[in-house]
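Peer 1: Structure in structure tokens, see below.
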2 protein chains.
Amino acid sequence: MYKHIRLNNIRVVLSHTTHPGNIGAAARAMKTMGLRNLYLINPSRFPDPQALAMAAGADDVLQDAVLCSTIDEALQGVVLTVGMTARMRDISNEVASPREAMPKVLQEAAEHPVALLFGTEMSGLTNEEASRAQLLVNIPANPEFSSLNLASAVQVIAYELAAAAQIFQPAAMELQPATHEQVEGLMAHLEKTLYEIGFFTTQNPQRMMQRLRRLYARARLEPDEINILRGILSLTTEYNGRLKERYRQEHDV
Amino acid sequence: MYKHIRLNNIRVVLSHTTHPGNIGAAARAMKTMGLRNLYLINPSRFPDPQALAMAAGADDVLQDAVLCSTIDEALQGVVLTVGMTARMRDISNEVASPREAMPKVLQEAAEHPVALLFGTEMSGLTNEEASRAQLLVNIPANPEFSSLNLASAVQVIAYELAAAAQIFQPAAMELQPATHEQVEGLMAHLEKTLYEIGFFTTQNPQRMMQRLRRLYARARLEPDEINILRGILSLTTEYNGRLKERYRQEHDV
């Protein structure tokens with residue numbers, strides 16, 4: 001639609017959507033703004049006639065929708081995940097407005113897949129889902145009544161994206177960002193290592209992992225850096241293994 | 001909600017809405033952005049349980065909704081009517097983007113009632129309705145699929161209004177704009193006069209009145225100017241009446 005704009009690199013991910021009508025309405029909202037890639041994580045009912053009715057002509061978006069059973073499946077290949085949040089979270093994550101965030105989305109999408117992640121109708125993203133995002137976005141709203149309908153939220157975000165696209169000029173890419181899988185590989189490795197070295201005996205594992213995720217999300221890791229960090233983790237385990245082995249030998253356990 | 005911002009001066013007018021669910025969803029969209037005044041011109045069904053269900057907590061907006069039987073009733077007291085249009089009209093009216101238009105809405109709303117006018121789901125505003133607007137707004141959309149859901153359109157416009165409100169600084173008012181009734185009074189007077197002087201024997205009355213409406217919409221008439229114009233019209237008729245009288249006397253009709 002626009003030069004330098006790769007809307008095809010942008011996917012809308014709806015997690016655990018309850019009402020099929022909202023999926024259809026979201027597909028319609030996407031298509032009005034030129035978005036076509038819909039990913040659905042465990043929707044309650046899909047496909048469904050209500051979804052089709054509410055799509056009102058965006059049937060193709062529904063037909064091509066990718067059904068996923070986990071968030072990691074939906075975020076495969078993605079280098080930037082933008083999580084939508086209706087509330088300010090206790091965890092002091094960076095929260096941007098749609099207008100601030102969409103130029104960043106376009107910047108990444110010029111070269112890599114990007115995900116716009118929406119939680120369930122009732123409660124939004126879980127903490128686990130939000131922790132997969134490098135950037136959280138809040139649609140500014142009436143503090144006394146802040147809950148937008150899911151499809152309305154998709155419409156506002158898609159509208160801001162299209163508005164940003166009209167004036168977008170790509171900057172030179174400074175870094176080669178890691179994919180979602182590479183980051184998750186590091187996180188799994190890190191968590192396993194921290195267990196092995198006994199770090200979690202004094203710390204809440206879940207909370208600590210969220211804080212570490214946040215730290216690395218801010219850093220926007222490159223693949224090389226992930227290799228370096230994982231190298232350190234491997235050596236840590238190895239070193240720890242050698243210590244245990246020596247202890248075993250010395251004490252004849 | 002914000003200093004200088006009179007969201008209470010802004011009304012959302014939905015004309016001939018077919019689906020009550022859309023009225024409820026529009027009420028919810030309004031309330032999330034701090035808008036409360038809903039006017040309904042001849043809705044197909046209202047009140048209706050579907051409207052209530054889709055309002056999802058914006059029941060107060062529905063309860064206070066003003067039911068009207070004509071557009072003039074809905075626009076009573078309004079000094080600026082912004083009409084939403086999905087298409088570029090053949091009549092070369094000024095069409096703005098939401099981002100361009102909303103600061104103007106806030107500017108007027110600081111002192112006077114303003115209307116945001118939405119047409120039916122299927123076909124939008126009629127030409128007659130559009131001709132009541134001083135400003136037409138088009139939400140930029142995918143040229144191959146440009147039809148936003150009614151409530152989604154309300155959401156985008158209300159969102160842009162709230163976004164504009166956050167950075168709004170009122171300018172000094174340059175003029176004292178006429179109300180909708182004053183403008184309509186002039187239009188009726190003008191049309192009647194043009195009939196009387198035989199202007200419409202060679203012109204399509206409807207099309208001509210729309211062009212004249214457009215001209216005066218651009219001018220943003222002040223009450224004093226309306227008085228002047230109506231004074232001219234009155235004299236025109238009087239003069240015409242005197243001519244007829246003289247003709248009658250001279251020819252002994």
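Every chain in the structure tokens has a letter given in the order shown (A, B, ...), and although residue numbers restart at 1 in each chain, ligands are simply numbered from 1 in the order shown.
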Could you list, as a ChimeraX atom specification, every residue of chain A that has an atom within 10 Å of an atom of chain B, counting only C-alpha atoms?

Peer 2: /A:1,25-26,28-35,54-58,97,99,139-149,151-160,162-163,166

Peer 1: Residues of region 5-234 of chain B classed as alpha helix (DSSP H) by DSSP on the backbone are to be reported as a PyMOL selection string.

Peer 2: chain B and resi 20-32+49-55+59-63+71-74+98-109+127-130+150-166+180-196+205-219+223-234

Peer 1: Could those residues be written to a file, using C-alpha atoms, as an mmCIF file, in the first residue's frame?

Peer 2:
```
data_model
loop_
_atom_site.group_PDB
_atom_site.id
_atom_site.type_symbol
_atom_site.label_atom_id
_atom_site.label_comp_id
_atom_site.auth_asym_id
_atom_site.auth_seq_id
_atom_site.Cartn_x
_atom_site.Cartn_y
_atom_site.Cartn_z
ATOM 1 C CA PRO B 20 -29.465 -2.091 17.964
ATOM 2 C CA GLY B 21 -26.228 -3.933 18.822
ATOM 3 C CA ASN B 22 -24.333 -1.221 16.973
ATOM 4 C CA ILE B 23 -25.994 1.465 19.082
ATOM 5 C CA GLY B 24 -24.857 -0.315 22.252
ATOM 6 C CA ALA B 25 -21.342 -0.848 20.913
ATOM 7 C CA ALA B 26 -21.187 2.816 19.892
ATOM 8 C CA ALA B 27 -22.256 3.861 23.401
ATOM 9 C CA ARG B 28 -19.474 1.734 24.858
ATOM 10 C CA ALA B 29 -16.943 3.199 22.417
ATOM 11 C CA MET B 30 -18.058 6.719 23.362
ATOM 12 C CA LYS B 31 -17.824 6.127 27.081
ATOM 13 C CA THR B 32 -14.316 4.654 26.894
ATOM 14 C CA PRO B 49 -31.771 -5.872 24.776
ATOM 15 C CA GLN B 50 -29.053 -6.216 22.128
ATOM 16 C CA ALA B 51 -28.102 -2.580 22.558
ATOM 17 C CA LEU B 52 -27.836 -3.086 26.298
ATOM 18 C CA ALA B 53 -25.751 -6.245 25.893
ATOM 19 C CA MET B 54 -23.268 -4.579 23.564
ATOM 20 C CA ALA B 55 -23.015 -1.470 25.751
ATOM 21 C CA ASP B 59 -25.938 1.645 30.127
ATOM 22 C CA ASP B 60 -26.027 5.238 31.350
ATOM 23 C CA VAL B 61 -25.159 6.522 27.886
ATOM 24 C CA LEU B 62 -28.047 4.500 26.431
ATOM 25 C CA GLN B 63 -30.460 5.574 29.148
ATOM 26 C CA ILE B 71 -31.980 15.523 11.744
ATOM 27 C CA ASP B 72 -32.893 19.114 12.552
ATOM 28 C CA GLU B 73 -34.139 17.999 15.944
ATOM 29 C CA ALA B 74 -30.862 16.190 16.610
ATOM 30 C CA PRO B 98 -9.985 12.697 11.852
ATOM 31 C CA ARG B 99 -6.621 14.026 12.991
ATOM 32 C CA GLU B 100 -7.159 17.291 11.149
ATOM 33 C CA ALA B 101 -10.761 17.670 12.247
ATOM 34 C CA MET B 102 -10.742 16.892 15.962
ATOM 35 C CA PRO B 103 -8.814 19.997 17.073
ATOM 36 C CA LYS B 104 -11.495 22.063 15.303
ATOM 37 C CA VAL B 105 -14.187 20.109 17.136
ATOM 38 C CA LEU B 106 -12.515 20.841 20.481
ATOM 39 C CA GLN B 107 -12.080 24.468 19.549
ATOM 40 C CA GLU B 108 -15.803 24.907 18.911
ATOM 41 C CA ALA B 109 -16.823 22.680 21.802
ATOM 42 C CA ASN B 127 -26.717 13.654 0.611
ATOM 43 C CA GLU B 128 -29.299 15.626 2.518
ATOM 44 C CA GLU B 129 -27.678 14.691 5.838
ATOM 45 C CA ALA B 130 -24.174 15.410 4.536
ATOM 46 C CA LEU B 150 -20.321 1.781 12.757
ATOM 47 C CA ALA B 151 -19.151 1.325 16.362
ATOM 48 C CA SER B 152 -15.550 0.967 15.158
ATOM 49 C CA ALA B 153 -15.859 4.276 13.346
ATOM 50 C CA VAL B 154 -17.271 5.882 16.499
ATOM 51 C CA GLN B 155 -14.353 4.365 18.426
ATOM 52 C CA VAL B 156 -11.730 5.759 16.058
ATOM 53 C CA ILE B 157 -13.291 9.233 16.033
ATOM 54 C CA ALA B 158 -13.714 9.285 19.820
ATOM 55 C CA TYR B 159 -10.153 8.049 20.234
ATOM 56 C CA GLU B 160 -8.835 10.820 17.985
ATOM 57 C CA LEU B 161 -10.894 13.320 19.939
ATOM 58 C CA ALA B 162 -9.420 12.128 23.254
ATOM 59 C CA ALA B 163 -5.918 12.126 21.752
ATOM 60 C CA ALA B 164 -6.432 15.681 20.490
ATOM 61 C CA ALA B 165 -7.799 16.708 23.883
ATOM 62 C CA GLN B 166 -4.559 15.710 25.558
ATOM 63 C CA HIS B 180 -27.951 25.007 13.195
ATOM 64 C CA GLU B 181 -31.468 26.499 13.439
ATOM 65 C CA GLN B 182 -30.281 29.921 12.330
ATOM 66 C CA VAL B 183 -28.560 28.409 9.300
ATOM 67 C CA GLU B 184 -31.591 26.267 8.475
ATOM 68 C CA GLY B 185 -33.834 29.308 8.830
ATOM 69 C CA LEU B 186 -31.711 31.060 6.243
ATOM 70 C CA MET B 187 -31.733 28.037 3.912
ATOM 71 C CA ALA B 188 -35.515 27.725 4.047
ATOM 72 C CA HIS B 189 -35.868 31.445 3.440
ATOM 73 C CA LEU B 190 -33.416 31.305 0.545
ATOM 74 C CA GLU B 191 -35.132 28.328 -1.079
ATOM 75 C CA LYS B 192 -38.552 29.925 -0.759
ATOM 76 C CA THR B 193 -37.247 33.134 -2.250
ATOM 77 C CA LEU B 194 -35.577 31.395 -5.164
ATOM 78 C CA TYR B 195 -38.859 29.665 -5.951
ATOM 79 C CA GLU B 196 -40.727 32.949 -5.790
ATOM 80 C CA PRO B 205 -33.680 22.947 -7.039
ATOM 81 C CA GLN B 206 -32.199 20.147 -4.941
ATOM 82 C CA ARG B 207 -28.759 20.255 -6.503
ATOM 83 C CA MET B 208 -28.668 24.030 -6.450
ATOM 84 C CA MET B 209 -29.640 24.162 -2.759
ATOM 85 C CA GLN B 210 -26.852 21.716 -1.955
ATOM 86 C CA ARG B 211 -24.309 23.897 -3.712
ATOM 87 C CA LEU B 212 -25.575 26.956 -1.862
ATOM 88 C CA ARG B 213 -25.477 25.072 1.423
ATOM 89 C CA ARG B 214 -21.877 24.135 0.730
ATOM 90 C CA LEU B 215 -20.946 27.703 -0.002
ATOM 91 C CA TYR B 216 -22.458 28.954 3.268
ATOM 92 C CA ALA B 217 -21.035 25.995 5.213
ATOM 93 C CA ARG B 218 -17.550 27.056 4.144
ATOM 94 C CA ALA B 219 -18.280 30.611 5.194
ATOM 95 C CA PRO B 223 -25.814 35.327 13.393
ATOM 96 C CA ASP B 224 -25.459 38.959 12.270
ATOM 97 C CA GLU B 225 -24.616 37.838 8.760
ATOM 98 C CA ILE B 226 -27.623 35.582 8.677
ATOM 99 C CA ASN B 227 -29.788 38.553 9.617
ATOM 100 C CA ILE B 228 -28.247 40.569 6.802
ATOM 101 C CA LEU B 229 -28.798 37.793 4.253
ATOM 102 C CA ARG B 230 -32.365 37.243 5.364
ATOM 103 C CA GLY B 231 -32.959 40.973 5.190
ATOM 104 C CA ILE B 232 -31.823 40.873 1.566
ATOM 105 C CA LEU B 233 -34.120 37.920 0.872
ATOM 106 C CA SER B 234 -37.078 39.685 2.446
#
```

Peer 1: Mind doing a quick least-squares superposition of chain B onto chain A, all C-alpha atoms paired one-to-one in order, and writing it out as an mmCIF file with C-alpha atoms, in the first residue's frame?

Peer 2:
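In the end it all went to superposed_20.cif:
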```
data_model
loop_
_atom_site.group_PDB
_atom_site.id
_atom_site.type_symbol
_atom_site.label_atom_id
_atom_site.label_comp_id
_atom_site.auth_asym_id
_atom_site.auth_seq_id
_atom_site.Cartn_x
_atom_site.Cartn_y
_atom_site.Cartn_z
ATOM 1 C CA MET B 1 0.044 -0.071 -0.010
ATOM 2 C CA TYR B 2 2.895 2.301 0.773
ATOM 3 C CA LYS B 3 6.556 2.323 -0.127
ATOM 4 C CA HIS B 4 8.799 0.731 2.515
ATOM 5 C CA ILE B 5 5.748 -0.543 4.337
ATOM 6 C CA ARG B 6 5.545 -4.296 4.830
ATOM 7 C CA LEU B 7 2.113 -4.771 6.318
ATOM 8 C CA ASN B 8 2.537 -8.440 5.393
ATOM 9 C CA ASN B 9 5.198 -8.652 8.082
ATOM 10 C CA ILE B 10 2.668 -7.623 10.714
ATOM 11 C CA ARG B 11 0.452 -10.201 12.364
ATOM 12 C CA VAL B 12 -2.441 -9.664 14.746
ATOM 13 C CA VAL B 13 -2.439 -12.328 17.475
ATOM 14 C CA LEU B 14 -5.650 -12.835 19.470
ATOM 15 C CA SER B 15 -5.181 -14.984 22.542
ATOM 16 C CA HIS B 16 -7.998 -17.134 23.946
ATOM 17 C CA THR B 17 -10.803 -15.064 22.447
ATOM 18 C CA THR B 18 -14.159 -16.000 23.993
ATOM 19 C CA HIS B 19 -16.681 -14.638 21.471
ATOM 20 C CA PRO B 20 -16.335 -15.706 17.831
ATOM 21 C CA GLY B 21 -18.150 -12.500 16.812
ATOM 22 C CA ASN B 22 -15.188 -10.542 18.138
ATOM 23 C CA ILE B 23 -12.809 -12.544 15.958
ATOM 24 C CA GLY B 24 -14.888 -11.677 12.886
ATOM 25 C CA ALA B 25 -15.151 -8.017 13.868
ATOM 26 C CA ALA B 26 -11.394 -7.920 14.472
ATOM 27 C CA ALA B 27 -10.779 -9.410 11.014
ATOM 28 C CA ARG B 28 -12.959 -6.708 9.486
ATOM 29 C CA ALA B 29 -11.149 -3.998 11.457
ATOM 30 C CA MET B 30 -7.795 -5.368 10.276
ATOM 31 C CA LYS B 31 -8.785 -5.512 6.639
ATOM 32 C CA THR B 32 -10.109 -1.941 6.583
ATOM 33 C CA MET B 33 -6.587 -0.841 7.455
ATOM 34 C CA GLY B 34 -4.778 -3.217 5.099
ATOM 35 C CA LEU B 35 -3.762 -5.894 7.621
ATOM 36 C CA ARG B 36 -4.259 -9.530 6.613
ATOM 37 C CA ASN B 37 -2.394 -11.879 8.952
ATOM 38 C CA LEU B 38 -4.492 -13.163 11.827
ATOM 39 C CA TYR B 39 -3.205 -15.672 14.397
ATOM 40 C CA LEU B 40 -5.568 -17.217 16.938
ATOM 41 C CA ILE B 41 -4.337 -18.871 20.114
ATOM 42 C CA ASN B 42 -6.947 -21.359 21.411
ATOM 43 C CA PRO B 43 -10.112 -19.433 20.548
ATOM 44 C CA SER B 44 -13.245 -20.725 22.343
ATOM 45 C CA ARG B 45 -15.046 -21.299 19.063
ATOM 46 C CA PHE B 46 -13.533 -21.064 15.606
ATOM 47 C CA PRO B 47 -14.496 -21.292 12.825
ATOM 48 C CA ASP B 48 -18.014 -20.135 13.677
ATOM 49 C CA PRO B 49 -20.920 -18.562 11.762
ATOM 50 C CA GLN B 50 -20.878 -15.560 14.107
ATOM 51 C CA ALA B 51 -17.282 -14.829 13.190
ATOM 52 C CA LEU B 52 -18.188 -14.948 9.519
ATOM 53 C CA ALA B 53 -21.211 -12.688 10.019
ATOM 54 C CA MET B 54 -19.215 -10.046 11.862
ATOM 55 C CA ALA B 55 -16.359 -10.175 9.344
ATOM 56 C CA ALA B 56 -18.778 -8.611 6.844
ATOM 57 C CA GLY B 57 -16.601 -9.316 3.834
ATOM 58 C CA ALA B 58 -13.259 -9.961 5.507
ATOM 59 C CA ASP B 59 -13.847 -13.696 5.020
ATOM 60 C CA ASP B 60 -10.417 -14.081 3.442
ATOM 61 C CA VAL B 61 -8.730 -12.902 6.630
ATOM 62 C CA LEU B 62 -10.675 -15.519 8.608
ATOM 63 C CA GLN B 63 -9.990 -18.260 6.082
ATOM 64 C CA ASP B 64 -6.258 -17.618 6.196
ATOM 65 C CA ALA B 65 -6.195 -17.309 9.992
ATOM 66 C CA VAL B 66 -3.505 -19.443 11.649
ATOM 67 C CA LEU B 67 -4.744 -21.515 14.582
ATOM 68 C CA CYS B 68 -2.143 -21.994 17.330
ATOM 69 C CA SER B 69 -2.193 -23.870 20.589
ATOM 70 C CA THR B 70 0.529 -21.905 22.374
ATOM 71 C CA ILE B 71 1.763 -18.335 22.394
ATOM 72 C CA ASP B 72 5.210 -19.494 21.318
ATOM 73 C CA GLU B 73 3.686 -21.049 18.225
ATOM 74 C CA ALA B 74 1.927 -17.784 17.389
ATOM 75 C CA LEU B 75 5.085 -15.735 17.862
ATOM 76 C CA GLN B 76 7.347 -17.963 15.798
ATOM 77 C CA GLY B 77 9.834 -15.915 13.774
ATOM 78 C CA VAL B 78 8.703 -12.649 15.366
ATOM 79 C CA VAL B 79 11.385 -10.141 16.400
ATOM 80 C CA LEU B 80 9.106 -7.592 18.078
ATOM 81 C CA THR B 81 5.970 -8.403 20.063
ATOM 82 C CA VAL B 82 3.756 -5.497 21.061
ATOM 83 C CA GLY B 83 1.355 -6.435 23.866
ATOM 84 C CA MET B 84 -1.876 -4.477 24.344
ATOM 85 C CA THR B 85 -2.748 -3.705 27.925
ATOM 86 C CA ALA B 86 -5.770 -1.921 29.366
ATOM 87 C CA ARG B 87 -4.184 -1.336 32.725
ATOM 88 C CA MET B 88 -0.931 -0.059 34.066
ATOM 89 C CA ARG B 89 0.777 -3.169 35.356
ATOM 90 C CA ASP B 90 2.398 -3.484 38.733
ATOM 91 C CA ILE B 91 5.551 -4.552 37.008
ATOM 92 C CA SER B 92 7.103 -1.315 35.823
ATOM 93 C CA ASN B 93 7.257 -2.298 32.189
ATOM 94 C CA GLU B 94 7.654 0.340 29.509
ATOM 95 C CA VAL B 95 4.128 1.276 28.358
ATOM 96 C CA ALA B 96 3.741 3.369 25.196
ATOM 97 C CA SER B 97 0.776 5.009 23.501
ATOM 98 C CA PRO B 98 -0.313 3.624 20.102
ATOM 99 C CA ARG B 99 0.995 6.780 18.456
ATOM 100 C CA GLU B 100 4.423 6.296 19.991
ATOM 101 C CA ALA B 101 4.557 2.583 19.273
ATOM 102 C CA MET B 102 3.375 2.234 15.683
ATOM 103 C CA PRO B 103 6.401 3.885 14.038
ATOM 104 C CA LYS B 104 8.558 1.321 15.871
ATOM 105 C CA VAL B 105 6.324 -1.462 14.571
ATOM 106 C CA LEU B 106 6.738 -0.198 11.000
ATOM 107 C CA GLN B 107 10.459 0.168 11.487
ATOM 108 C CA GLU B 108 10.839 -3.479 12.492
ATOM 109 C CA ALA B 109 8.274 -4.704 9.986
ATOM 110 C CA ALA B 110 10.318 -3.237 7.160
ATOM 111 C CA GLU B 111 12.605 -6.260 7.602
ATOM 112 C CA HIS B 112 11.168 -8.727 10.114
ATOM 113 C CA PRO B 113 7.901 -10.228 11.358
ATOM 114 C CA VAL B 114 6.178 -8.250 14.105
ATOM 115 C CA ALA B 115 3.237 -9.297 16.319
ATOM 116 C CA LEU B 116 0.447 -7.187 17.787
ATOM 117 C CA LEU B 117 -0.773 -9.277 20.716
ATOM 118 C CA PHE B 118 -4.283 -8.942 22.196
ATOM 119 C CA GLY B 119 -5.512 -10.823 25.277
ATOM 120 C CA THR B 120 -8.973 -12.123 26.158
ATOM 121 C CA GLU B 121 -12.053 -9.927 26.264
ATOM 122 C CA MET B 122 -12.474 -10.120 30.035
ATOM 123 C CA SER B 123 -9.008 -9.817 31.449
ATOM 124 C CA GLY B 124 -6.579 -8.979 28.658
ATOM 125 C CA LEU B 125 -3.102 -10.484 28.562
ATOM 126 C CA THR B 126 -1.937 -12.772 31.309
ATOM 127 C CA ASN B 127 1.313 -11.814 32.996
ATOM 128 C CA GLU B 128 2.975 -14.675 31.194
ATOM 129 C CA GLU B 129 1.734 -13.384 27.830
ATOM 130 C CA ALA B 130 2.711 -9.796 28.645
ATOM 131 C CA SER B 131 6.195 -10.994 29.536
ATOM 132 C CA ARG B 132 6.613 -12.202 25.940
ATOM 133 C CA ALA B 133 6.253 -8.608 24.688
ATOM 134 C CA GLN B 134 9.168 -6.265 24.197
ATOM 135 C CA LEU B 135 6.791 -3.323 24.256
ATOM 136 C CA LEU B 136 3.455 -2.805 25.998
ATOM 137 C CA VAL B 137 0.891 -0.444 24.511
ATOM 138 C CA ASN B 138 -2.028 1.154 26.321
ATOM 139 C CA ILE B 139 -4.829 2.921 24.469
ATOM 140 C CA PRO B 140 -5.447 6.041 26.572
ATOM 141 C CA ALA B 141 -9.030 5.895 27.833
ATOM 142 C CA ASN B 142 -11.530 7.222 30.330
ATOM 143 C CA PRO B 143 -10.119 6.164 33.712
ATOM 144 C CA GLU B 144 -13.660 5.383 34.912
ATOM 145 C CA PHE B 145 -14.508 3.189 31.917
ATOM 146 C CA SER B 146 -11.404 2.084 30.135
ATOM 147 C CA SER B 147 -12.410 -1.244 28.639
ATOM 148 C CA LEU B 148 -12.540 -1.093 24.854
ATOM 149 C CA ASN B 149 -14.248 -3.871 22.944
ATOM 150 C CA LEU B 150 -11.605 -6.238 21.532
ATOM 151 C CA ALA B 151 -12.416 -5.446 17.887
ATOM 152 C CA SER B 152 -12.517 -1.724 18.708
ATOM 153 C CA ALA B 153 -9.041 -1.985 20.182
ATOM 154 C CA VAL B 154 -7.842 -3.804 17.056
ATOM 155 C CA GLN B 155 -9.462 -1.045 14.983
ATOM 156 C CA VAL B 156 -7.728 1.753 16.879
ATOM 157 C CA ILE B 157 -4.327 0.046 16.712
ATOM 158 C CA ALA B 158 -4.708 -0.788 13.013
ATOM 159 C CA TYR B 159 -5.861 2.760 12.332
ATOM 160 C CA GLU B 160 -2.815 4.186 14.112
ATOM 161 C CA LEU B 161 -0.617 1.815 12.150
ATOM 162 C CA ALA B 162 -2.118 2.974 8.834
ATOM 163 C CA ALA B 163 -1.835 6.614 9.922
ATOM 164 C CA ALA B 164 1.818 6.077 10.851
ATOM 165 C CA ALA B 165 2.417 4.305 7.544
ATOM 166 C CA GLN B 166 1.350 7.386 5.629
ATOM 167 C CA ILE B 167 4.212 9.434 7.048
ATOM 168 C CA PHE B 168 6.720 6.647 7.686
ATOM 169 C CA GLN B 169 10.357 6.978 6.676
ATOM 170 C CA PRO B 170 12.507 3.989 7.591
ATOM 171 C CA ALA B 171 15.610 4.711 9.655
ATOM 172 C CA ALA B 172 18.765 2.704 9.201
ATOM 173 C CA MET B 173 18.472 -0.503 11.208
ATOM 174 C CA GLU B 174 20.914 -0.310 14.073
ATOM 175 C CA LEU B 175 20.722 -3.889 15.158
ATOM 176 C CA GLN B 176 19.857 -7.343 13.951
ATOM 177 C CA PRO B 177 17.224 -8.390 16.466
ATOM 178 C CA ALA B 178 16.868 -11.951 17.714
ATOM 179 C CA THR B 179 13.724 -13.912 16.928
ATOM 180 C CA HIS B 180 11.160 -14.927 19.500
ATOM 181 C CA GLU B 181 12.496 -18.514 19.498
ATOM 182 C CA GLN B 182 16.058 -17.372 20.097
ATOM 183 C CA VAL B 183 14.949 -15.264 23.056
ATOM 184 C CA GLU B 184 12.810 -18.086 24.440
ATOM 185 C CA GLY B 185 15.715 -20.492 24.021
ATOM 186 C CA LEU B 186 17.813 -18.183 26.151
ATOM 187 C CA MET B 187 15.066 -17.813 28.777
ATOM 188 C CA ALA B 188 14.615 -21.569 29.103
ATOM 189 C CA HIS B 189 18.364 -22.024 29.349
ATOM 190 C CA LEU B 190 18.628 -19.268 31.947
ATOM 191 C CA GLU B 191 15.792 -20.660 34.060
ATOM 192 C CA LYS B 192 17.228 -24.164 33.962
ATOM 193 C CA THR B 193 20.624 -22.853 34.947
ATOM 194 C CA LEU B 194 19.274 -20.799 37.822
ATOM 195 C CA TYR B 195 17.532 -23.893 39.153
ATOM 196 C CA GLU B 196 20.714 -25.916 38.857
ATOM 197 C CA ILE B 197 22.849 -23.457 40.740
ATOM 198 C CA GLY B 198 20.229 -23.253 43.474
ATOM 199 C CA PHE B 199 19.327 -19.619 42.832
ATOM 200 C CA PHE B 200 15.618 -20.241 43.278
ATOM 201 C CA THR B 201 15.890 -21.595 46.781
ATOM 202 C CA THR B 202 15.726 -18.009 48.051
ATOM 203 C CA GLN B 203 13.781 -16.352 45.193
ATOM 204 C CA ASN B 204 10.289 -16.681 43.711
ATOM 205 C CA PRO B 205 11.154 -18.323 40.355
ATOM 206 C CA GLN B 206 8.191 -16.953 38.412
ATOM 207 C CA ARG B 207 8.587 -13.372 39.554
ATOM 208 C CA MET B 208 12.334 -13.460 39.092
ATOM 209 C CA MET B 209 12.025 -14.832 35.542
ATOM 210 C CA GLN B 210 9.600 -12.039 34.691
ATOM 211 C CA ARG B 211 12.047 -9.423 35.909
ATOM 212 C CA LEU B 212 14.838 -11.022 33.900
ATOM 213 C CA ARG B 213 12.608 -11.194 30.844
ATOM 214 C CA ARG B 214 11.875 -7.501 31.221
ATOM 215 C CA LEU B 215 15.531 -6.661 31.461
ATOM 216 C CA TYR B 216 16.362 -8.575 28.268
ATOM 217 C CA ALA B 217 13.256 -7.237 26.500
ATOM 218 C CA ARG B 218 14.545 -3.709 27.050
ATOM 219 C CA ALA B 219 17.937 -4.711 25.718
ATOM 220 C CA ARG B 220 16.475 -6.021 22.417
ATOM 221 C CA LEU B 221 19.035 -8.803 22.175
ATOM 222 C CA GLU B 222 20.866 -9.649 18.970
ATOM 223 C CA PRO B 223 21.461 -13.298 17.969
ATOM 224 C CA ASP B 224 25.205 -12.991 18.654
ATOM 225 C CA GLU B 225 24.507 -11.721 22.145
ATOM 226 C CA ILE B 226 22.174 -14.595 22.805
ATOM 227 C CA ASN B 227 24.948 -16.983 21.807
ATOM 228 C CA ILE B 228 27.313 -15.239 24.200
ATOM 229 C CA LEU B 229 24.819 -15.383 27.075
ATOM 230 C CA ARG B 230 24.030 -19.020 26.438
ATOM 231 C CA GLY B 231 27.734 -19.762 26.282
ATOM 232 C CA ILE B 232 28.073 -18.235 29.744
ATOM 233 C CA LEU B 233 25.139 -20.306 31.002
ATOM 234 C CA SER B 234 26.618 -23.496 29.595
ATOM 235 C CA LEU B 235 29.921 -22.811 31.308
ATOM 236 C CA THR B 236 28.137 -21.982 34.555
ATOM 237 C CA THR B 237 26.487 -25.383 34.580
ATOM 238 C CA GLU B 238 29.664 -27.099 33.556
ATOM 239 C CA TYR B 239 31.596 -25.371 36.311
ATOM 240 C CA ASN B 240 28.884 -26.237 38.754
ATOM 241 C CA GLY B 241 28.933 -29.826 37.543
ATOM 242 C CA ARG B 242 32.712 -29.990 38.027
ATOM 243 C CA LEU B 243 32.327 -28.604 41.543
ATOM 244 C CA LYS B 244 29.761 -31.247 42.379
ATOM 245 C CA GLU B 245 31.964 -33.938 40.917
ATOM 246 C CA ARG B 246 34.932 -32.792 42.984
ATOM 247 C CA TYR B 247 32.824 -32.648 46.115
ATOM 248 C CA ARG B 248 31.569 -36.180 45.423
ATOM 249 C CA GLN B 249 35.073 -37.505 44.928
ATOM 250 C CA GLU B 250 36.526 -35.761 47.989
ATOM 251 C CA HIS B 251 33.743 -36.974 50.273
ATOM 252 C CA ASP B 252 33.362 -40.364 48.681
ATOM 253 C CA VAL B 253 29.580 -39.815 48.285
#
```

Peer 1: As number ranges by chain, list the residues of region 97-241 of chain A assigned to strand (DSSP E or B) by DSSP on the backbone atoms of this structure.

Peer 2: A: 114-118, 120, 124, 135-137
